[in-house]
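Visitor: Structure file entry-v2.pdb (PDB, C-alpha atoms and all ligand atoms) right here:
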ATOM      1  CA  MET E   1      82.848  50.341 210.843  1.00  0.00           C
ATOM      2  CA  ALA E   2      84.138  48.550 213.953  1.00  0.00           C
ATOM      3  CA  GLU E   3      81.619  47.621 216.654  1.00  0.00           C
ATOM      4  CA  ASP E   4      81.195  49.879 219.652  1.00  0.00           C
ATOM      5  CA  GLN E   5      82.878  48.643 222.801  1.00  0.00           C
ATOM      6  CA  ASN E   6      83.723  49.963 226.256  1.00  0.00           C
ATOM      7  CA  SER E   7      86.557  52.433 225.873  1.00  0.00           C
ATOM      8  CA  SER E   8      88.840  50.279 228.066  1.00  0.00           C
ATOM      9  CA  ASP E   9      88.465  47.360 225.601  1.00  0.00           C
ATOM     10  CA  ILE E  10      89.283  49.332 222.466  1.00  0.00           C
ATOM     11  CA  VAL E  11      92.519  48.780 220.636  1.00  0.00           C
ATOM     12  CA  LEU E  12      93.614  50.084 217.253  1.00  0.00           C
ATOM     13  CA  PRO E  13      92.144  48.142 214.292  1.00  0.00           C
ATOM     14  CA  GLU E  14      94.259  45.038 213.724  1.00  0.00           C
ATOM     15  CA  GLY E  15      95.986  44.575 210.394  1.00  0.00           C
ATOM     16  CA  LYS E  16      95.179  48.094 209.181  1.00  0.00           C
ATOM     17  CA  GLU E  17      97.526  50.999 208.658  1.00  0.00           C
ATOM     18  CA  PRO E  18      96.290  54.475 209.607  1.00  0.00           C
ATOM     19  CA  THR E  19      95.958  56.923 206.739  1.00  0.00           C
ATOM     20  CA  LEU E  20      97.076  59.740 209.010  1.00  0.00           C
ATOM     21  CA  ARG E  21      98.496  60.141 212.529  1.00  0.00           C
ATOM     22  CA  VAL E  22      98.560  63.494 214.285  1.00  0.00           C
ATOM     23  CA  VAL E  23      99.178  64.843 217.798  1.00  0.00           C
ATOM     24  CA  PRO E  24      96.958  67.868 218.555  1.00  0.00           C
ATOM     25  CA  MET E  25      98.690  70.822 220.184  1.00  0.00           C
ATOM     26  CA  PRO E  26      97.425  73.453 222.677  1.00  0.00           C
ATOM     27  CA  SER E  27      96.708  75.796 219.744  1.00  0.00           C
ATOM     28  CA  ASP E  28      94.114  73.245 218.517  1.00  0.00           C
ATOM     29  CA  ALA E  29      92.128  73.503 221.784  1.00  0.00           C
ATOM     30  CA  ASN E  30      89.657  75.925 223.338  1.00  0.00           C
ATOM     31  CA  TYR E  31      90.214  77.676 226.677  1.00  0.00           C
ATOM     32  CA  SER E  32      89.011  74.542 228.543  1.00  0.00           C
ATOM     33  CA  GLY E  33      91.657  72.397 226.903  1.00  0.00           C
ATOM     34  CA  ASP E  34      89.265  70.439 224.680  1.00  0.00           C
ATOM     35  CA  ILE E  35      90.276  69.965 221.046  1.00  0.00           C
ATOM     36  CA  PHE E  36      88.030  71.889 218.628  1.00  0.00           C
ATOM     37  CA  GLY E  37      85.562  69.769 216.668  1.00  0.00           C
ATOM     38  CA  GLY E  38      86.590  71.771 213.610  1.00  0.00           C
ATOM     39  CA  TRP E  39      90.188  70.621 213.997  1.00  0.00           C
ATOM     40  CA  ILE E  40      89.041  66.983 213.958  1.00  0.00           C
ATOM     41  CA  MET E  41      86.727  67.628 210.990  1.00  0.00           C
ATOM     42  CA  SER E  42      89.593  69.133 209.036  1.00  0.00           C
ATOM     43  CA  GLN E  43      91.876  66.148 209.729  1.00  0.00           C
ATOM     44  CA  VAL E  44      89.054  63.715 208.857  1.00  0.00           C
ATOM     45  CA  ASP E  45      88.537  65.534 205.538  1.00  0.00           C
ATOM     46  CA  ILE E  46      92.248  65.184 204.759  1.00  0.00           C
ATOM     47  CA  ALA E  47      92.301  61.499 205.814  1.00  0.00           C
ATOM     48  CA  GLY E  48      89.242  60.704 203.714  1.00  0.00           C
ATOM     49  CA  SER E  49      90.603  62.531 200.692  1.00  0.00           C
ATOM     50  CA  ILE E  50      93.744  60.388 200.518  1.00  0.00           C
ATOM     51  CA  PRO E  51      92.144  57.116 199.300  1.00  0.00           C
ATOM     52  CA  ALA E  52      89.615  59.109 197.238  1.00  0.00           C
ATOM     53  CA  ALA E  53      92.333  61.035 195.373  1.00  0.00           C
ATOM     54  CA  ARG E  54      94.310  57.835 194.851  1.00  0.00           C
ATOM     55  CA  LEU E  55      91.275  56.070 193.404  1.00  0.00           C
ATOM     56  CA  ALA E  56      90.276  59.085 191.299  1.00  0.00           C
ATOM     57  CA  ARG E  57      93.871  59.402 190.058  1.00  0.00           C
ATOM     58  CA  GLY E  58      93.725  63.165 190.267  1.00  0.00           C
ATOM     59  CA  ARG E  59      91.893  66.160 191.544  1.00  0.00           C
ATOM     60  CA  ILE E  60      88.922  65.727 193.879  1.00  0.00           C
ATOM     61  CA  VAL E  61      86.745  68.008 195.985  1.00  0.00           C
ATOM     62  CA  THR E  62      84.621  67.307 199.041  1.00  0.00           C
ATOM     63  CA  ILE E  63      80.939  67.562 198.141  1.00  0.00           C
ATOM     64  CA  ALA E  64      79.325  66.250 201.339  1.00  0.00           C
ATOM     65  CA  VAL E  65      79.894  65.314 204.940  1.00  0.00           C
ATOM     66  CA  ASN E  66      77.265  62.588 205.075  1.00  0.00           C
ATOM     67  CA  SER E  67      77.618  61.858 208.784  1.00  0.00           C
ATOM     68  CA  PHE E  68      79.889  62.847 211.612  1.00  0.00           C
ATOM     69  CA  LEU E  69      79.846  61.583 215.193  1.00  0.00           C
ATOM     70  CA  PHE E  70      82.082  62.845 218.002  1.00  0.00           C
ATOM     71  CA  LYS E  71      81.786  59.871 220.382  1.00  0.00           C
ATOM     72  CA  GLN E  72      84.570  60.816 222.800  1.00  0.00           C
ATOM     73  CA  PRO E  73      86.699  63.923 223.339  1.00  0.00           C
ATOM     74  CA  VAL E  74      90.190  64.350 221.936  1.00  0.00           C
ATOM     75  CA  MET E  75      92.798  65.743 224.357  1.00  0.00           C
ATOM     76  CA  ILE E  76      95.951  67.739 223.811  1.00  0.00           C
ATOM     77  CA  GLY E  77      98.843  65.314 223.329  1.00  0.00           C
ATOM     78  CA  ASP E  78      96.732  62.304 222.280  1.00  0.00           C
ATOM     79  CA  LEU E  79      98.169  60.274 219.415  1.00  0.00           C
ATOM     80  CA  VAL E  80      95.227  60.468 217.004  1.00  0.00           C
ATOM     81  CA  SER E  81      95.008  57.838 214.228  1.00  0.00           C
ATOM     82  CA  PHE E  82      92.688  58.127 211.226  1.00  0.00           C
ATOM     83  CA  TYR E  83      91.614  55.001 209.305  1.00  0.00           C
ATOM     84  CA  SER E  84      89.990  55.605 205.912  1.00  0.00           C
ATOM     85  CA  GLU E  85      88.156  53.064 203.812  1.00  0.00           C
ATOM     86  CA  VAL E  86      86.381  53.552 200.489  1.00  0.00           C
ATOM     87  CA  ALA E  87      82.744  52.583 201.048  1.00  0.00           C
ATOM     88  CA  ARG E  88      81.217  53.335 197.642  1.00  0.00           C
ATOM     89  CA  VAL E  89      82.289  54.393 194.177  1.00  0.00           C
ATOM     90  CA  GLY E  90      79.718  56.135 191.982  1.00  0.00           C
ATOM     91  CA  ARG E  91      80.044  57.547 188.483  1.00  0.00           C
ATOM     92  CA  THR E  92      81.927  60.676 189.588  1.00  0.00           C
ATOM     93  CA  SER E  93      81.812  60.345 193.384  1.00  0.00           C
ATOM     94  CA  ILE E  94      83.683  58.361 196.011  1.00  0.00           C
ATOM     95  CA  THR E  95      82.308  57.864 199.525  1.00  0.00           C
ATOM     96  CA  VAL E  96      84.787  57.172 202.301  1.00  0.00           C
ATOM     97  CA  ASP E  97      84.317  56.014 205.909  1.00  0.00           C
ATOM     98  CA  VAL E  98      86.807  57.424 208.404  1.00  0.00           C
ATOM     99  CA  GLU E  99      87.287  56.061 211.923  1.00  0.00           C
ATOM    100  CA  VAL E 100      89.372  57.969 214.439  1.00  0.00           C
ATOM    101  CA  TYR E 101      91.105  56.553 217.518  1.00  0.00           C
ATOM    102  CA  ALA E 102      92.998  58.420 220.233  1.00  0.00           C
ATOM    103  CA  GLN E 103      95.755  56.904 222.326  1.00  0.00           C
ATOM    104  CA  ARG E 104      95.782  58.859 225.576  1.00  0.00           C
ATOM    105  CA  ARG E 105      99.127  60.297 226.557  1.00  0.00           C
ATOM    106  CA  SER E 106      98.823  59.737 230.302  1.00  0.00           C
ATOM    107  CA  LEU E 107      96.400  56.818 230.703  1.00  0.00           C
ATOM    108  CA  HIS E 108      97.818  54.354 228.164  1.00  0.00           C
ATOM    109  CA  GLU E 109      94.335  53.673 226.818  1.00  0.00           C
ATOM    110  CA  THR E 110      92.894  53.800 223.321  1.00  0.00           C
ATOM    111  CA  VAL E 111      89.427  55.180 222.607  1.00  0.00           C
ATOM    112  CA  LYS E 112      87.414  55.476 219.432  1.00  0.00           C
ATOM    113  CA  VAL E 113      86.680  59.186 219.302  1.00  0.00           C
ATOM    114  CA  THR E 114      84.994  59.843 215.953  1.00  0.00           C
ATOM    115  CA  GLU E 115      83.396  58.166 212.977  1.00  0.00           C
ATOM    116  CA  ALA E 116      82.431  59.942 209.803  1.00  0.00           C
ATOM    117  CA  THR E 117      81.406  59.392 206.206  1.00  0.00           C
ATOM    118  CA  LEU E 118      82.329  61.878 203.493  1.00  0.00           C
ATOM    119  CA  THR E 119      81.761  62.064 199.748  1.00  0.00           C
ATOM    120  CA  TYR E 120      84.292  63.408 197.246  1.00  0.00           C
ATOM    121  CA  VAL E 121      83.816  64.163 193.557  1.00  0.00           C
ATOM    122  CA  ALA E 122      86.501  63.726 190.911  1.00  0.00           C
ATOM    123  CA  VAL E 123      86.814  66.978 188.962  1.00  0.00           C
ATOM    124  CA  ASP E 124      88.637  68.081 185.846  1.00  0.00           C
ATOM    125  CA  GLU E 125      90.799  71.169 185.374  1.00  0.00           C
ATOM    126  CA  ASN E 126      87.634  73.273 185.039  1.00  0.00           C
ATOM    127  CA  ARG E 127      86.314  71.931 188.373  1.00  0.00           C
ATOM    128  CA  ARG E 128      83.582  69.970 186.579  1.00  0.00           C
ATOM    129  CA  PRO E 129      82.718  66.403 187.648  1.00  0.00           C
ATOM    130  CA  ARG E 130      84.554  63.702 185.691  1.00  0.00           C
ATOM    131  CA  PRO E 131      83.989  59.939 185.710  1.00  0.00           C
ATOM    132  CA  VAL E 132      85.936  57.822 188.183  1.00  0.00           C
ATOM    133  CA  SER E 133      87.310  54.518 187.042  1.00  0.00           C
ATOM    134  CA  GLY E 134      88.096  52.208 189.905  1.00  0.00           C
ATOM    135  CA  GLU E 135      86.645  49.629 192.231  1.00  0.00           C
ATOM    136  CA  SER E 136      85.077  50.053 195.628  1.00  0.00           C
ATOM    137  CA  GLY E 137      86.490  48.617 198.833  1.00  0.00           C
ATOM    138  CA  GLY E 138      89.932  48.587 200.295  1.00  0.00           C
ATOM    139  CA  GLN E 139      91.683  50.450 203.013  1.00  0.00           C
ATOM    140  CA  ALA E 140      94.092  53.348 202.562  1.00  0.00           C
TER     141      ALA E 140
HETATM  142  C1  LIG E 201      81.618  69.019 193.453  1.00  0.00           C
HETATM  143  C2  LIG E 201      80.934  69.778 192.327  1.00  0.00           C
HETATM  144  C3  LIG E 201      81.940  70.068 191.208  1.00  0.00           C
HETATM  145  C4  LIG E 201      79.815  68.858 191.801  1.00  0.00           C
HETATM  146  O1  LIG E 201      79.109  69.554 190.806  1.00  0.00           O
HETATM  147  P1  LIG E 201      77.548  69.218 190.604  1.00  0.00           P
HETATM  148  O2  LIG E 201      77.108  69.882 189.364  1.00  0.00           O
HETATM  149  O3  LIG E 201      76.849  69.504 191.885  1.00  0.00           O
HETATM  150  O4  LIG E 201      77.625  67.653 190.322  1.00  0.00           O
HETATM  151  P2  LIG E 201      76.511  66.537 190.285  1.00  0.00           P
HETATM  152  O5  LIG E 201      75.174  67.025 190.693  1.00  0.00           O
HETATM  153  O6  LIG E 201      76.657  65.914 188.918  1.00  0.00           O
HETATM  154  O7  LIG E 201      77.013  65.515 191.413  1.00  0.00           O
HETATM  155  C5  LIG E 201      78.290  64.942 191.317  1.00  0.00           C
HETATM  156  C6  LIG E 201      78.324  63.724 192.198  1.00  0.00           C
HETATM  157  O8  LIG E 201      78.124  64.133 193.552  1.00  0.00           O
HETATM  158  C7  LIG E 201      77.062  63.349 194.120  1.00  0.00           C
HETATM  159  N1  LIG E 201      76.349  64.179 195.080  1.00  0.00           N
HETATM  160  C8  LIG E 201      75.662  65.291 194.834  1.00  0.00           C
HETATM  161  N2  LIG E 201      75.129  65.763 195.985  1.00  0.00           N
HETATM  162  C9  LIG E 201      75.497  64.913 196.964  1.00  0.00           C
HETATM  163  C10 LIG E 201      75.263  64.843 198.367  1.00  0.00           C
HETATM  164  N3  LIG E 201      74.511  65.749 199.007  1.00  0.00           N
HETATM  165  N4  LIG E 201      75.800  63.821 199.061  1.00  0.00           N
HETATM  166  C11 LIG E 201      76.546  62.889 198.458  1.00  0.00           C
HETATM  167  N5  LIG E 201      76.808  62.884 197.105  1.00  0.00           N
HETATM  168  C12 LIG E 201      76.294  63.892 196.390  1.00  0.00           C
HETATM  169  C13 LIG E 201      76.179  62.983 192.945  1.00  0.00           C
HETATM  170  O9  LIG E 201      75.386  61.842 193.257  1.00  0.00           O
HETATM  171  C14 LIG E 201      77.218  62.701 191.892  1.00  0.00           C
HETATM  172  O10 LIG E 201      77.806  61.433 192.119  1.00  0.00           O
HETATM  173  P3  LIG E 201      77.772  60.236 191.003  1.00  0.00           P
HETATM  174  O11 LIG E 201      78.265  60.826 189.714  1.00  0.00           O
HETATM  175  O12 LIG E 201      78.750  59.222 191.536  1.00  0.00           O
HETATM  176  O13 LIG E 201      76.377  59.756 190.940  1.00  0.00           O
HETATM  177  C15 LIG E 201      80.306  71.127 192.854  1.00  0.00           C
HETATM  178  O14 LIG E 201      79.192  70.817 193.666  1.00  0.00           O
HETATM  179  C16 LIG E 201      81.323  71.933 193.633  1.00  0.00           C
HETATM  180  O15 LIG E 201      82.231  72.518 193.084  1.00  0.00           O
HETATM  181  N6  LIG E 201      81.167  71.998 194.994  1.00  0.00           N
HETATM  182  C17 LIG E 201      82.124  72.668 195.841  1.00  0.00           C
HETATM  183  C18 LIG E 201      83.238  71.701 196.276  1.00  0.00           C
HETATM  184  C19 LIG E 201      84.189  72.340 197.252  1.00  0.00           C
HETATM  185  O16 LIG E 201      84.681  73.434 197.015  1.00  0.00           O
HETATM  186  N7  LIG E 201      84.454  71.648 198.355  1.00  0.00           N
HETATM  187  C20 LIG E 201      85.307  72.140 199.401  1.00  0.00           C
HETATM  188  C21 LIG E 201      84.525  72.738 200.507  1.00  0.00           C
HETATM  189  S1  LIG E 201      84.383  74.486 200.332  1.00  0.00           S
END
Output the file's structure in the form of structure tokens.
Ligand SMILES: CC(C)(COP(=O)(O)OP(=O)(O)OC[C@H]1O[C@@H](n2cnc3c(N)ncnc32)[C@H](O)[C@@H]1OP(=O)(O)O)[C@@H](O)C(=O)NCCC(=O)NCCS

Guide:
Amino acid sequence: MAEDQNSSDIVLPEGKEPTLRVVPMPSDANYSGDIFGGWIMSQVDIAGSIPAARLARGRIVTIAVNSFLFKQPVMIGDLVSFYSEVARVGRTSITVDVEVYAQRRSLHETVKVTEATLTYVAVDENRRPRPVSGESGGQA
């Protein structure tokens, strides 16, 4: 995970491609205009699943949200970028770190809004755990 900095100093991670980029809409916000935490959690789950599914070469399911931190709010119209990196590969499980950055629409600033760690399990057609073959590390 990148080091914490003042929000004004934060830029998008250099040399990395986001796994996912999304702009939240008014329908993703509550009546105060703040984006729902559940919307961000859902996008993080999708972003984390992409490198996990690639590594597992097939079907996966989310077994755990190991940690989740909402450091800064996400606003309607932000350009939200999700960076996923495989942190650990077990026998049947894959743990992925996801960092989320928001580029503010009006202020031309970038802030790190969320960091999370999730675990996925490779499953077979009967939804039973199956071994993963692959190596840890690497960005998706
Ligand atoms: C995923 C699932 C098939 C695993 O079945 P299970 O019998 O619990 O499997 P196991 O106990 O053998 O655990 C499988 C792997 O998950 C890991 N695991 C289990 N509990 C965990 C936890 N709390 N946190 C992180 N990893 C965990 C195990 O260490 C194991 O990994 P490893 O093989 O790399 O060591 C089953 O729990 C399931 O179907 N869950 C629902 C998944 C789902 O629907 N997710 C969407 C949200 S509704």

Visitor: I'd like the residues picked by the PyMOL selection byres (((not hetatm)) within 7 of (chain E and resi 201)) written out as a list in words, using the chain letters and numbers from the file.

Guide: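 When the PyMOL selection byres (((not hetatm)) within 7 of (chain E and resi 201)) is applied, the selected residues are Val61, Thr62, Ile63, Ala64, Asn66, Val89, Gly90, Arg91, Thr92, Ser93, Ile94, Thr119, Val121, Val123, Arg127, Arg128 and Pro129 of chain E.
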
Visitor: Do a neighbour search on region 13-25 of chain E at 6 Å with all atoms listed in the file, toss out local chain neighbours closer than 5 positions, and write the hits as a list in words.

Guide: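 Counting only the stated atoms, we get Ala47, Ile76, Gly77, Asp78, Leu79, Val80, Ser81, Phe82, Tyr83 and Ala140 of chain E.
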
Visitor: One decimal, Å: what's the distance from CA of Lys71 (chain E) over to CA of Thr114 (chain E), could you say?

Guide: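 Going from CA of Lys71 (chain E) over to CA of Thr114 (chain E) covers 5.5 Å.
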
Visitor: Show which residues sit within 12 Å of Gly38 (chain E), as a PDB file with C-alpha atoms, in the coordinates of the input. Count only C-alpha atoms, and ignore same-chain residues fewer than 5 positions away.

Guide:
ATOM      1  CA  ASP E  28      94.114  73.245 218.517  1.00  0.00           C
ATOM      2  CA  ALA E  29      92.128  73.503 221.784  1.00  0.00           C
ATOM      3  CA  ASN E  30      89.657  75.925 223.338  1.00  0.00           C
ATOM      4  CA  GLN E  43      91.876  66.148 209.729  1.00  0.00           C
ATOM      5  CA  VAL E  44      89.054  63.715 208.857  1.00  0.00           C
ATOM      6  CA  ASP E  45      88.537  65.534 205.538  1.00  0.00           C
ATOM      7  CA  PHE E  68      79.889  62.847 211.612  1.00  0.00           C
ATOM      8  CA  PHE E  70      82.082  62.845 218.002  1.00  0.00           C
ATOM      9  CA  VAL E  74      90.190  64.350 221.936  1.00  0.00           C
TER      10      VAL E  74
END

Visitor: Separation of CA of Val98 (chain E) and CA of Asn126 (chain E), in Å?

Guide: 28.2 Å

Visitor: From the set E:Ala87, E:Leu118, E:Leu12, E:Met75, which residue has the shortest atom-to-atom contact distance to Gly48 (chain E), counting only C-alpha atoms?

Guide: E:Leu118
